[in-house]
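Structure data (mmCIF, C-alpha atoms (C1' of nucleotides)) from structure.cif:
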```cif
data_query
#
loop_
_atom_site.label_atom_id
_atom_site.label_comp_id
_atom_site.auth_asym_id
_atom_site.auth_seq_id
_atom_site.Cartn_x
_atom_site.Cartn_y
_atom_site.Cartn_z
CA MET A 103 155.75 -2.99 53.56
CA ASP A 104 153.21 -1.06 51.60
CA THR A 105 154.20 2.54 52.09
CA PHE A 106 157.67 2.88 50.68
CA ILE A 107 160.09 5.61 51.57
CA LEU A 108 160.62 5.89 47.83
CA LEU A 109 157.08 7.17 47.28
CA LYS A 110 157.57 9.87 49.88
CA SER A 111 160.81 10.96 48.31
CA ILE A 112 159.27 11.00 44.84
CA SER A 113 156.40 13.14 46.07
CA LYS A 114 158.88 15.81 47.08
CA HIS A 115 159.73 16.36 43.43
CA ILE A 116 156.71 15.32 41.36
CA ALA A 117 153.02 14.68 42.09
CA LEU A 118 151.76 11.27 41.01
CA ASP A 119 148.13 10.56 40.21
CA ALA A 120 146.56 7.25 41.21
CA GLU A 121 147.33 5.55 37.92
CA GLU A 122 150.97 6.55 37.90
CA GLU A 123 151.44 5.44 41.46
CA LYS A 124 149.74 2.14 40.75
CA TYR A 125 151.91 1.57 37.72
CA LEU A 126 155.06 2.40 39.62
CA LYS A 127 154.17 0.02 42.41
CA SER A 128 153.46 -2.69 39.87
CA ILE A 129 157.00 -2.65 38.54
CA LEU A 130 158.84 -2.44 41.86
CA LEU A 131 160.24 -5.71 43.14
CA PRO A 132 160.46 -5.66 46.94
CA MET A 133 163.21 -7.85 48.32
CA LYS A 134 164.56 -8.66 51.74
CA MET A 135 168.28 -8.98 52.18
CA GLN A 136 170.23 -10.52 55.00
CA GLN A 137 173.41 -8.98 56.31
CA ASN A 138 176.31 -9.67 53.91
CA GLU A 139 174.01 -10.84 51.14
CA PHE A 140 174.93 -9.69 47.62
CA ILE A 141 172.51 -8.26 45.14
CA GLU A 142 174.72 -7.54 42.16
CA ALA A 143 178.13 -9.01 41.48
CA THR A 144 181.20 -7.99 39.50
CA GLY A 145 181.40 -9.21 35.93
CA GLU A 146 177.70 -9.43 35.16
CA VAL A 147 175.48 -6.82 33.58
CA THR A 148 173.50 -5.05 36.30
CA ARG A 149 169.83 -5.88 35.97
CA TYR A 150 168.36 -3.61 38.61
CA PHE A 151 168.44 -0.08 39.81
CA ILE A 152 168.16 -0.37 43.58
CA ASN A 153 166.29 1.77 46.07
CA VAL A 154 166.93 1.12 49.74
CA ASN A 155 163.79 1.04 51.84
CA GLU A 156 165.32 -0.08 55.12
CA GLY A 157 168.84 -0.92 56.28
CA CYS A 158 172.13 -0.14 54.58
CA LEU A 159 173.88 -1.30 51.42
CA MET A 160 177.39 -0.78 50.15
CA THR A 161 178.59 -0.60 46.54
CA TYR A 162 182.30 -1.18 46.06
CA TYR A 163 184.99 -1.96 43.54
CA THR A 164 187.58 -4.66 44.06
CA ASP A 165 190.87 -3.93 42.28
CA SER A 166 193.41 -6.34 40.81
CA GLU A 167 195.22 -6.61 44.15
CA ALA A 168 191.96 -7.60 45.86
CA ASN A 169 191.63 -4.28 47.66
CA ASP A 170 188.11 -3.00 48.06
CA HIS A 171 187.20 0.62 47.32
CA VAL A 172 183.84 1.85 48.53
CA LEU A 173 181.94 3.94 46.01
CA GLN A 174 178.87 4.46 48.14
CA PHE A 175 176.97 3.61 51.29
CA ALA A 176 173.21 3.70 50.72
CA THR A 177 170.70 4.03 53.54
CA ALA A 178 166.91 4.35 53.48
CA GLY A 179 165.67 6.38 50.52
CA TRP A 180 168.90 6.23 48.49
CA TRP A 181 169.37 4.80 45.04
CA THR A 182 172.38 2.59 44.47
CA GLY A 183 173.92 -0.01 42.18
CA ASP A 184 176.26 0.20 39.19
CA LEU A 185 174.73 3.00 37.17
CA ASN A 186 177.13 2.54 34.27
CA SER A 187 176.39 -1.14 33.87
CA PHE A 188 172.66 -0.52 34.30
CA THR A 189 172.64 2.30 31.75
CA ASN A 190 175.07 1.05 29.15
CA GLY A 191 174.82 -2.71 29.49
CA GLU A 192 178.51 -3.14 30.22
CA ALA A 193 179.78 -5.75 32.66
CA SER A 194 179.72 -4.40 36.18
CA ILE A 195 182.94 -3.63 38.05
CA TYR A 196 181.13 -3.19 41.36
CA SER A 197 179.58 -5.44 43.94
CA THR A 198 176.62 -4.37 46.03
CA LYS A 199 175.92 -6.02 49.33
CA ALA A 200 173.87 -5.48 52.48
CA LEU A 201 175.75 -4.24 55.53
CA THR A 202 172.72 -4.91 57.74
CA ASP A 203 169.50 -6.84 57.21
CA SER A 204 167.76 -4.66 54.66
CA LYS A 205 164.72 -4.20 52.48
CA VAL A 206 165.14 -2.94 48.95
CA LEU A 207 163.05 -2.14 45.92
CA LEU A 208 164.36 -3.21 42.54
CA ILE A 209 163.47 -1.72 39.17
CA PRO A 210 164.50 -3.94 36.27
CA LYS A 211 166.15 -2.11 33.39
CA ILE A 212 163.35 -2.75 30.90
CA GLN A 213 160.67 -1.57 33.30
CA MET A 214 162.68 1.54 34.04
CA ASP A 215 162.87 2.39 30.35
CA GLU A 216 159.16 1.74 29.98
CA LEU A 217 158.32 3.84 33.02
CA LEU A 218 160.17 6.81 31.57
CA GLU A 219 158.53 6.40 28.19
CA ARG A 220 155.02 5.94 29.48
CA TYR A 221 155.10 8.58 32.18
CA PRO A 222 157.64 11.26 31.21
CA LYS A 223 156.96 12.88 34.57
CA PHE A 224 159.55 10.47 35.92
CA GLU A 225 162.16 12.04 33.66
CA LYS A 226 161.92 15.07 35.91
CA TYR A 227 162.22 12.97 39.04
CA PHE A 228 165.35 11.21 37.85
CA ARG A 229 166.77 14.41 36.39
CA ILE A 230 166.63 15.88 39.89
CA ILE A 231 167.96 12.72 41.55
CA PHE A 232 170.94 12.52 39.18
CA GLN A 233 171.56 16.26 39.34
CA ASN A 234 171.73 16.19 43.15
CA SER A 235 173.85 13.08 43.15
CA LEU A 236 176.22 14.66 40.64
CA ILE A 237 176.62 17.65 42.94
CA THR A 238 177.52 15.46 45.93
CA HIS A 239 179.98 13.50 43.80
CA GLN A 240 181.64 16.74 42.69
CA GLN A 241 181.94 17.75 46.30
CA ARG A 242 183.46 14.41 47.26
CA ILE A 243 186.06 14.73 44.51
CA LEU A 244 186.94 18.19 45.78
CA ARG A 245 187.30 16.90 49.35
CA ASN A 246 189.56 14.11 48.15
CA LEU A 247 191.70 16.64 46.29
CA SER A 248 191.90 19.30 48.96
CA MET A 249 191.53 17.77 52.42
CA SER A 250 193.73 15.53 54.57
CA ALA A 251 192.54 12.11 55.71
CA GLU A 252 191.79 13.55 59.12
CA GLY A 253 189.66 16.29 57.65
CA ARG A 254 187.79 13.86 55.43
CA TYR A 255 187.07 11.58 58.39
CA GLN A 256 185.73 14.45 60.49
CA TYR A 257 183.54 15.53 57.60
CA PHE A 258 182.28 11.98 57.25
CA LEU A 259 181.36 11.79 60.96
CA LYS A 260 179.53 15.06 60.77
CA LYS A 261 177.71 14.25 57.57
CA TYR A 262 176.79 10.64 58.32
CA PRO A 263 176.73 10.41 62.14
CA THR A 264 174.61 7.26 62.19
CA LEU A 265 176.66 5.23 59.74
CA GLU A 266 179.61 4.88 62.09
CA GLN A 267 177.56 2.72 64.42
CA PHE A 268 177.04 -0.19 62.08
CA VAL A 269 179.51 0.19 59.22
CA PRO A 270 182.83 -1.59 59.94
CA GLN A 271 185.69 0.86 60.14
CA LYS A 272 187.63 -0.80 57.39
CA HIS A 273 184.85 0.14 54.99
CA ILE A 274 184.83 3.71 56.21
CA ALA A 275 188.60 3.81 55.69
CA SER A 276 188.10 2.50 52.17
CA TYR A 277 185.43 5.11 51.46
CA LEU A 278 187.83 7.80 52.66
CA GLY A 279 190.68 6.43 50.55
CA ILE A 280 192.98 5.35 53.39
CA THR A 281 194.02 2.09 55.05
CA PRO A 282 192.23 0.78 58.16
CA GLU A 283 195.54 1.07 60.03
CA PHE A 284 195.81 4.75 59.28
CA LEU A 285 192.18 5.39 60.16
CA SER A 286 192.96 3.81 63.49
CA LYS A 287 195.75 6.33 64.03
CA VAL A 288 193.55 9.22 62.99
CA ARG A 289 190.87 8.10 65.43
CA ARG A 290 193.32 7.86 68.31
CA LYS A 291 194.68 11.29 67.53
CA LEU A 292 191.17 12.75 67.55
CA MET A 293 190.33 10.98 70.86
CA GLU A 294 193.39 12.46 72.52
CA LYS A 295 192.42 15.96 71.53
CA MET B 292 177.76 31.09 14.98
CA ASP B 293 174.34 29.82 14.14
CA THR B 294 174.69 26.08 14.26
CA PHE B 295 175.70 25.23 17.77
CA ILE B 296 177.38 22.03 18.83
CA LEU B 297 174.82 21.99 21.60
CA LEU B 298 171.98 21.45 19.14
CA LYS B 299 173.73 18.49 17.60
CA SER B 300 174.34 16.96 20.99
CA ILE B 301 170.73 17.51 22.04
CA SER B 302 169.49 15.85 18.88
CA LYS B 303 171.30 12.68 19.88
CA HIS B 304 168.94 12.31 22.83
CA ILE B 305 165.70 14.07 21.96
CA ALA B 306 164.07 15.33 18.73
CA LEU B 307 163.11 18.99 18.75
CA ASP B 308 160.38 20.43 16.58
CA ALA B 309 160.79 23.88 15.02
CA GLU B 310 159.06 25.68 17.88
CA GLU B 311 161.15 24.04 20.57
CA GLU B 312 164.35 24.72 18.73
CA LYS B 313 163.36 28.31 18.18
CA TYR B 314 162.52 28.75 21.83
CA LEU B 315 165.77 27.17 22.96
CA LYS B 316 167.79 29.41 20.66
CA SER B 317 165.92 32.43 21.99
CA ILE B 318 167.11 31.86 25.55
CA LEU B 319 170.72 31.01 24.80
CA LEU B 320 173.19 33.82 25.32
CA PRO B 321 176.21 33.40 23.04
CA MET B 322 179.36 34.90 24.44
CA LYS B 323 182.97 35.13 23.34
CA MET B 324 185.67 34.71 25.92
CA GLN B 325 189.32 35.61 25.75
CA GLN B 326 191.98 33.41 27.21
CA ASN B 327 192.08 33.75 31.02
CA GLU B 328 188.78 35.58 31.15
CA PHE B 329 186.46 34.58 34.00
CA ILE B 330 182.80 33.85 33.63
CA GLU B 331 181.75 33.00 37.16
CA ALA B 332 183.61 33.85 40.32
CA THR B 333 183.82 32.46 43.84
CA GLY B 334 181.45 33.95 46.39
CA GLU B 335 178.62 34.91 44.09
CA VAL B 336 175.56 32.91 43.18
CA THR B 337 176.06 31.32 39.77
CA ARG B 338 173.71 32.84 37.26
CA TYR B 339 174.36 30.66 34.24
CA PHE B 340 174.68 27.09 33.22
CA ILE B 341 177.42 27.07 30.63
CA ASN B 342 177.76 25.13 27.41
CA VAL B 343 181.08 25.31 25.59
CA ASN B 344 180.75 25.78 21.85
CA GLU B 345 184.40 26.30 21.03
CA GLY B 346 187.62 26.36 23.04
CA CYS B 347 188.23 25.13 26.56
CA LEU B 348 187.11 26.22 30.03
CA MET B 349 188.23 25.18 33.48
CA THR B 350 186.19 25.10 36.68
CA TYR B 351 188.23 25.01 39.88
CA TYR B 352 188.13 25.49 43.63
CA THR B 353 190.64 27.63 45.49
CA ASP B 354 191.18 26.44 49.07
CA SER B 355 192.06 28.46 52.17
CA GLU B 356 195.78 28.10 51.43
CA ALA B 357 195.24 29.53 47.94
CA ASN B 358 195.81 26.18 46.24
CA ASP B 359 193.68 25.54 43.18
CA HIS B 360 191.89 22.24 42.66
CA VAL B 361 190.50 21.55 39.21
CA LEU B 362 187.02 20.07 39.19
CA GLN B 363 186.65 19.95 35.44
CA PHE B 364 188.03 20.86 32.04
CA ALA B 365 185.26 21.52 29.54
CA THR B 366 185.78 21.41 25.78
CA ALA B 367 183.33 21.81 22.91
CA GLY B 368 179.93 20.34 23.67
CA TRP B 369 180.39 20.06 27.44
CA TRP B 370 178.33 21.68 30.15
CA THR B 371 180.18 23.32 33.00
CA GLY B 372 179.88 25.78 35.88
CA ASP B 373 178.99 25.40 39.56
CA LEU B 374 175.98 23.13 39.44
CA ASN B 375 175.35 23.39 43.17
CA SER B 376 175.28 27.16 43.19
CA PHE B 377 173.18 27.22 40.02
CA THR B 378 170.69 24.68 41.38
CA ASN B 379 170.45 25.67 45.03
CA GLY B 380 171.27 29.37 44.94
CA GLU B 381 174.19 29.04 47.32
CA ALA B 382 177.31 31.15 46.94
CA SER B 383 179.71 29.51 44.51
CA ILE B 384 182.97 28.00 45.72
CA TYR B 385 184.29 27.62 42.18
CA SER B 386 185.72 29.88 39.53
CA THR B 387 185.28 29.20 35.84
CA LYS B 388 187.67 30.65 33.32
CA ALA B 389 188.69 30.22 29.70
CA LEU B 390 191.97 28.39 29.07
CA THR B 391 191.89 29.41 25.41
CA ASP B 392 189.87 31.94 23.46
CA SER B 393 186.43 30.36 23.57
CA LYS B 394 182.80 30.66 22.62
CA VAL B 395 180.13 29.68 25.08
CA LEU B 396 176.37 29.57 25.36
CA LEU B 397 174.81 30.65 28.63
CA ILE B 398 171.42 29.68 30.01
CA PRO B 399 170.26 31.92 32.83
CA LYS B 400 168.74 30.06 35.79
CA ILE B 401 165.23 31.44 35.31
CA GLN B 402 165.18 30.59 31.62
CA MET B 403 166.41 27.09 32.39
CA ASP B 404 163.55 26.54 34.85
CA GLU B 405 161.09 27.91 32.33
CA LEU B 406 162.48 25.76 29.55
CA LEU B 407 161.97 22.62 31.61
CA GLU B 408 158.47 23.62 32.59
CA ARG B 409 157.36 24.63 29.13
CA TYR B 410 158.97 21.80 27.21
CA PRO B 411 159.31 18.80 29.54
CA LYS B 412 161.13 17.02 26.73
CA PHE B 413 164.22 18.77 28.03
CA GLU B 414 163.83 16.94 31.32
CA LYS B 415 164.82 13.83 29.43
CA TYR B 416 167.79 15.55 27.83
CA PHE B 417 169.15 16.80 31.15
CA ARG B 418 168.31 13.52 32.88
CA ILE B 419 170.61 11.79 30.39
CA ILE B 420 173.30 14.49 30.63
CA PHE B 421 173.38 14.35 34.43
CA GLN B 422 173.20 10.56 34.46
CA ASN B 423 176.21 10.26 32.16
CA SER B 424 178.11 12.90 34.06
CA LEU B 425 177.38 11.13 37.32
CA ILE B 426 178.81 7.92 35.88
CA THR B 427 182.06 9.63 34.86
CA HIS B 428 182.33 11.28 38.27
CA GLN B 429 181.91 7.92 39.98
CA GLN B 430 184.67 6.55 37.78
CA ARG B 431 186.96 9.45 38.62
CA ILE B 432 186.41 8.90 42.36
CA LEU B 433 187.29 5.23 41.89
CA ARG B 434 190.47 6.11 40.01
CA ASN B 435 191.48 8.53 42.75
CA LEU B 436 190.90 5.81 45.34
CA SER B 437 192.56 2.93 43.56
CA MET B 438 195.26 4.21 41.20
CA SER B 439 198.68 5.81 41.70
CA ALA B 440 199.45 9.29 40.38
CA GLU B 441 201.35 7.73 37.48
CA GLY B 442 198.39 5.54 36.57
CA ARG B 443 195.99 8.47 36.76
CA TYR B 444 198.22 10.56 34.51
CA GLN B 445 198.47 7.82 31.92
CA TYR B 446 194.71 7.42 31.99
CA PHE B 447 194.33 11.17 31.55
CA LEU B 448 196.62 11.20 28.50
CA LYS B 449 194.74 8.33 26.95
CA LYS B 450 191.30 9.78 27.66
CA TYR B 451 191.98 13.41 26.79
CA PRO B 452 194.89 13.30 24.32
CA THR B 453 194.21 16.77 22.94
CA LEU B 454 194.01 18.61 26.26
CA GLU B 455 197.69 18.19 27.04
CA GLN B 456 198.59 20.46 24.17
CA PHE B 457 197.04 23.63 25.54
CA VAL B 458 196.30 23.05 29.22
CA PRO B 459 199.23 24.12 31.45
CA GLN B 460 200.72 21.17 33.30
CA LYS B 461 200.10 22.68 36.69
CA HIS B 462 196.36 22.48 36.00
CA ILE B 463 196.63 18.88 34.90
CA ALA B 464 198.55 18.13 38.10
CA SER B 465 195.80 19.80 40.08
CA TYR B 466 193.12 17.81 38.28
CA LEU B 467 195.02 14.63 39.10
CA GLY B 468 195.42 15.62 42.74
CA ILE B 469 199.21 16.02 42.77
CA THR B 470 201.73 18.89 42.78
CA PRO B 471 203.25 20.23 39.55
CA GLU B 472 206.66 19.15 40.86
CA PHE B 473 205.56 15.59 41.22
CA LEU B 474 203.87 15.53 37.82
CA SER B 475 207.18 16.68 36.42
CA LYS B 476 208.87 13.66 37.99
CA VAL B 477 206.18 11.30 36.75
CA ARG B 478 206.60 12.65 33.22
CA ARG B 479 210.34 12.21 33.30
CA LYS B 480 209.95 8.67 34.53
CA LEU B 481 207.56 7.88 31.69
CA MET B 482 209.88 9.49 29.12
CA GLU B 483 212.78 7.34 30.27
CA LYS B 484 210.78 4.14 29.88
"C1'" DT C 17 182.98 -24.58 75.77
"C1'" DG C 18 186.81 -24.20 72.81
"C1'" DT C 19 188.46 -22.78 68.41
"C1'" DA C 20 188.42 -20.26 64.12
"C1'" DT C 21 187.62 -16.06 61.97
"C1'" DT C 22 187.15 -11.29 61.53
"C1'" DC C 23 188.04 -6.75 63.14
"C1'" DC C 24 190.65 -3.19 65.41
"C1'" DT C 25 194.90 -1.54 67.20
"C1'" DT C 26 199.87 -0.70 67.75
"C1'" DA C 27 204.51 -0.10 66.32
"C1'" DA C 28 208.55 0.02 63.19
"C1'" DA C 29 210.19 0.47 58.68
"C1'" DC C 30 209.19 2.29 54.48
"C1'" DT C 31 207.51 5.01 50.23
"C1'" DG C 32 204.70 7.97 47.27
"C1'" DG C 33 204.11 12.35 47.07
"C1'" DT C 34 205.02 17.27 49.22
"C1'" DT C 35 207.72 21.27 50.39
"C1'" DC C 36 211.17 24.37 49.83
"C1'" DA C 37 214.56 26.52 47.19
"C1'" DA C 38 216.89 27.47 43.12
"C1'" DG C 39 217.65 27.94 38.09
"C1'" DC C 40 216.27 28.19 33.38
"C1'" DA C 41 213.16 29.08 29.35
"C1'" DA C 42 209.33 31.31 27.49
"C1'" DT C 43 206.01 34.78 27.17
"C1'" DC C 44 204.32 39.38 28.25
"C1'" DC C 45 204.58 44.17 28.79
"C1'" DT C 46 206.49 48.59 27.93
"C1'" DA D 53 215.35 45.11 23.43
"C1'" DG D 54 215.05 44.59 28.58
"C1'" DG D 55 212.77 43.55 32.85
"C1'" DA D 56 209.09 41.16 35.02
"C1'" DT D 57 206.13 37.58 35.56
"C1'" DT D 58 204.80 32.76 34.84
"C1'" DG D 59 205.64 27.82 33.99
"C1'" DC D 60 208.52 23.71 34.05
"C1'" DT D 61 212.25 21.18 36.09
"C1'" DT D 62 215.57 19.40 39.51
"C1'" DG D 63 217.20 18.00 43.95
"C1'" DA D 64 217.28 17.48 48.96
"C1'" DA D 65 214.74 17.22 53.05
"C1'" DC D 66 210.55 16.04 54.76
"C1'" DC D 67 205.85 14.05 55.93
"C1'" DA D 68 201.31 11.84 55.36
"C1'" DG D 69 199.90 7.68 54.70
"C1'" DT D 70 201.31 2.48 53.60
"C1'" DT D 71 203.15 -1.93 54.60
"C1'" DT D 72 204.24 -5.63 57.33
"C1'" DA D 73 203.77 -8.09 61.35
"C1'" DA D 74 201.90 -9.16 65.60
"C1'" DG D 75 198.59 -9.31 69.51
"C1'" DG D 76 194.11 -8.82 71.61
"C1'" DA D 77 188.92 -8.43 71.65
"C1'" DA D 78 184.70 -9.75 69.79
"C1'" DT D 79 181.72 -12.58 67.23
"C1'" DA D 80 180.59 -17.04 64.87
"C1'" DC D 81 180.47 -21.67 64.82
"C1'" DA D 82 180.94 -26.63 65.84
#
```

Represent the structure of the file as structure tokens.
Amino acid sequence: MDTFILLKSISKHIALDAEEEKYLKSILLPMKMQQNEFIEATGEVTRYFINVNEGCLMTYYTDSEANDHVLQFATAGWWTGDLNSFTNGEASIYSTKALTDSKVLLIPKIQMDELLERYPKFEKYFRIIFQNSLITHQQRILRNLSMSAEGRYQYFLKKYPTLEQFVPQKHIASYLGITPEFLSKVRRKLMEK
Amino acid sequence: MDTFILLKSISKHIALDAEEEKYLKSILLPMKMQQNEFIEATGEVTRYFINVNEGCLMTYYTDSEANDHVLQFATAGWWTGDLNSFTNGEASIYSTKALTDSKVLLIPKIQMDELLERYPKFEKYFRIIFQNSLITHQQRILRNLSMSAEGRYQYFLKKYPTLEQFVPQKHIASYLGITPEFLSKVRRKLMEK
DNA sequence: TGTATTCCTTAAACTGGTTCAAGCAATCCT
DNA sequence: AGGATTGCTTGAACCAGTTTAAGGAATACA
């Protein structure tokens, strides 16, 4: 794995010269993950910002009644992890695990800070990444406020048609903010239509 | 209004020299708004990114049944507006209006692009702004997924104690994702405790 | 190959939150 | 000052989504 999806996605926003690319590669930690393997766990300070190169990860919060709530599914090219813990050094409230066998690239916090300081060009890259992510989060909030569970599920299918094939339905239900039982009903209703 | 809150907040993240500060000031459009005055309206492409200097603005989405859904309240120092429309040139689905008499600073889209190009230092500033905003949006999604309406209201009171005094309750209800009638019940229940 | 575990579904009872309708208080407009 | 509009509350009926419980299919594992 020498040509990372990450490099392609970066090149859409900024142009790296040989030195910058070399430096970036030198700080990325490639890692293979098996299905159901965890990379960051609740309670600890997140050490890495995670870029998915292959496969699919899930970041979720487990509440006091042991219910999981999915913050994000991340497929190839996406960044994930607990951004708050990574940024502010607070204990993480999320867990991140692989839903399929996956390959990820990790950037340790210190290296990330150094990257931004040494090559400010990356400030632009992450400004764009965070800006776009903020927009999609705003849209998700609006959908949660204004649409029914059925509507949200249909939107999900349309937006992420591939995810349904390998993400267990209970996680999709959790992402949508409903119970697996109710998702089951919604699905039957849509089948009958 | 010569010393803007914005400048103070910028100086927390990056240090501007005289030229940069002068340039920034030259592209900011100060504007006074009266209560209930609109600054951006649904259907048009957003022209400005908005920084609140004084007062309080609200950005909200009106759905097909004419129900409002509040995306954000913005008080002094906050950025607001339709980031998607501003960034991608799509028609806006939000309206932004003043909840109190307010003073705002506007950055037109073209000037914003030029600012970032000319003084890349601002890439860092907006990277941090968007990163922090993304974190709070993630937290809001999690609260909507995992907490009851009562819990969300109590969190709101704790987090934004001053807002309650001048934001109509129906807007708070909308922000929380419930009806004004139900917020009324929640409030009564909390009073009786 | 059998047995445990996990996932999905179904159904009945339930509840958190909505809808509809009405009344009252406050502000706005003239 | 009076009439209209807007905002908050209350209550009763209602509904979208939850809870609880159980059974069946698929995968994992010894």

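Distance check against chain A using all atoms listed in the file: of B:Met349, B:Ile419, B:Val336, B:Val343, the minimum falls on B:Ile419.
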
Hey, what's within 12 Å of C:DA28 if we count all atoms listed in the file and toss same-chain stuff fewer than 4 positions away? As a short mmCIF file (atom, residue, chain, number, x, y, z; two decimals) with C-alpha atoms (C1' of nucleotides), keeping the file's coordinate frame, please?
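What landed in part30.cif:
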```cif
data_model
loop_
_atom_site.label_atom_id
_atom_site.label_comp_id
_atom_site.auth_asym_id
_atom_site.auth_seq_id
_atom_site.Cartn_x
_atom_site.Cartn_y
_atom_site.Cartn_z
"C1'" DT D 71 203.15 -1.93 54.60
"C1'" DT D 72 204.24 -5.63 57.33
"C1'" DA D 73 203.77 -8.09 61.35
"C1'" DA D 74 201.90 -9.16 65.60
#
```

**Message:** Suppose a student applies the PyMOL selection byres ((chain C) within 10 of (chain A)) to this structure; what residues should they get, written as a PyMOL selection string?
**Reply:** chain C and resi 23-26

**Request:** Restrict the distance test to all atoms listed in the file, flag each residue of chain A within 8 Å of chain D, and return the flagged residues as a list in words.
**Result:** Ile280, Thr281 and Phe284 of chain A

**Request:** Take the PyMOL selection byres ((chain B) within 6 of (chain A)), apply it to the structure above, and return the hits as a list in words.
**Result:**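 Checking the PyMOL selection byres ((chain B) within 6 of (chain A)) against this file, the residues are Asn375, Glu414, Lys415, Arg418, Phe421, Gln422, Leu425, Ile426, Leu436 and Gly468 of chain B.
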
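Atom CA of A:Phe188 lies 6.8 Å from atom CA of A:Lys211.
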
Exactly which residues make up the result of the PyMOL selection byres ((chain B and resi 337) around 12) on this file, given as an mmCIF file with C-alpha atoms, in the frame of the given file?
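Okay, result31.cif is ready:
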```cif
data_model
loop_
_atom_site.group_PDB
_atom_site.id
_atom_site.type_symbol
_atom_site.label_atom_id
_atom_site.label_comp_id
_atom_site.auth_asym_id
_atom_site.auth_seq_id
_atom_site.Cartn_x
_atom_site.Cartn_y
_atom_site.Cartn_z
ATOM 1 C CA ILE B 330 182.800 33.850 33.630
ATOM 2 C CA GLU B 331 181.750 33.000 37.160
ATOM 3 C CA ALA B 332 183.610 33.850 40.320
ATOM 4 C CA THR B 333 183.820 32.460 43.840
ATOM 5 C CA GLY B 334 181.450 33.950 46.390
ATOM 6 C CA GLU B 335 178.620 34.910 44.090
ATOM 7 C CA VAL B 336 175.560 32.910 43.180
ATOM 8 C CA ARG B 338 173.710 32.840 37.260
ATOM 9 C CA TYR B 339 174.360 30.660 34.240
ATOM 10 C CA PHE B 340 174.680 27.090 33.220
ATOM 11 C CA ILE B 341 177.420 27.070 30.630
ATOM 12 C CA THR B 371 180.180 23.320 33.000
ATOM 13 C CA GLY B 372 179.880 25.780 35.880
ATOM 14 C CA ASP B 373 178.990 25.400 39.560
ATOM 15 C CA LEU B 374 175.980 23.130 39.440
ATOM 16 C CA ASN B 375 175.350 23.390 43.170
ATOM 17 C CA SER B 376 175.280 27.160 43.190
ATOM 18 C CA PHE B 377 173.180 27.220 40.020
ATOM 19 C CA THR B 378 170.690 24.680 41.380
ATOM 20 C CA ASN B 379 170.450 25.670 45.030
ATOM 21 C CA GLY B 380 171.270 29.370 44.940
ATOM 22 C CA GLU B 381 174.190 29.040 47.320
ATOM 23 C CA ALA B 382 177.310 31.150 46.940
ATOM 24 C CA SER B 383 179.710 29.510 44.510
ATOM 25 C CA ILE B 384 182.970 28.000 45.720
ATOM 26 C CA TYR B 385 184.290 27.620 42.180
ATOM 27 C CA SER B 386 185.720 29.880 39.530
ATOM 28 C CA THR B 387 185.280 29.200 35.840
ATOM 29 C CA LEU B 397 174.810 30.650 28.630
ATOM 30 C CA ILE B 398 171.420 29.680 30.010
ATOM 31 C CA PRO B 399 170.260 31.920 32.830
ATOM 32 C CA LYS B 400 168.740 30.060 35.790
ATOM 33 C CA ILE B 401 165.230 31.440 35.310
#
```

**Asked** What is the atom CA of B:Met322-atom CA of B:Leu406 distance in Å, reported with one decimal?
**Response**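 It comes out at 19.9 Å.
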
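Between atom CA of A:Lys127 and atom CA of A:Met214 lies a distance of 12.0 Å.
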
**Prompt:** Counting only C-alpha atoms, which of A:Gln213, A:Ser250, A:Asn153, A:Ser113 gets nearest to A:Lys134?
**Reply:** A:Asn153
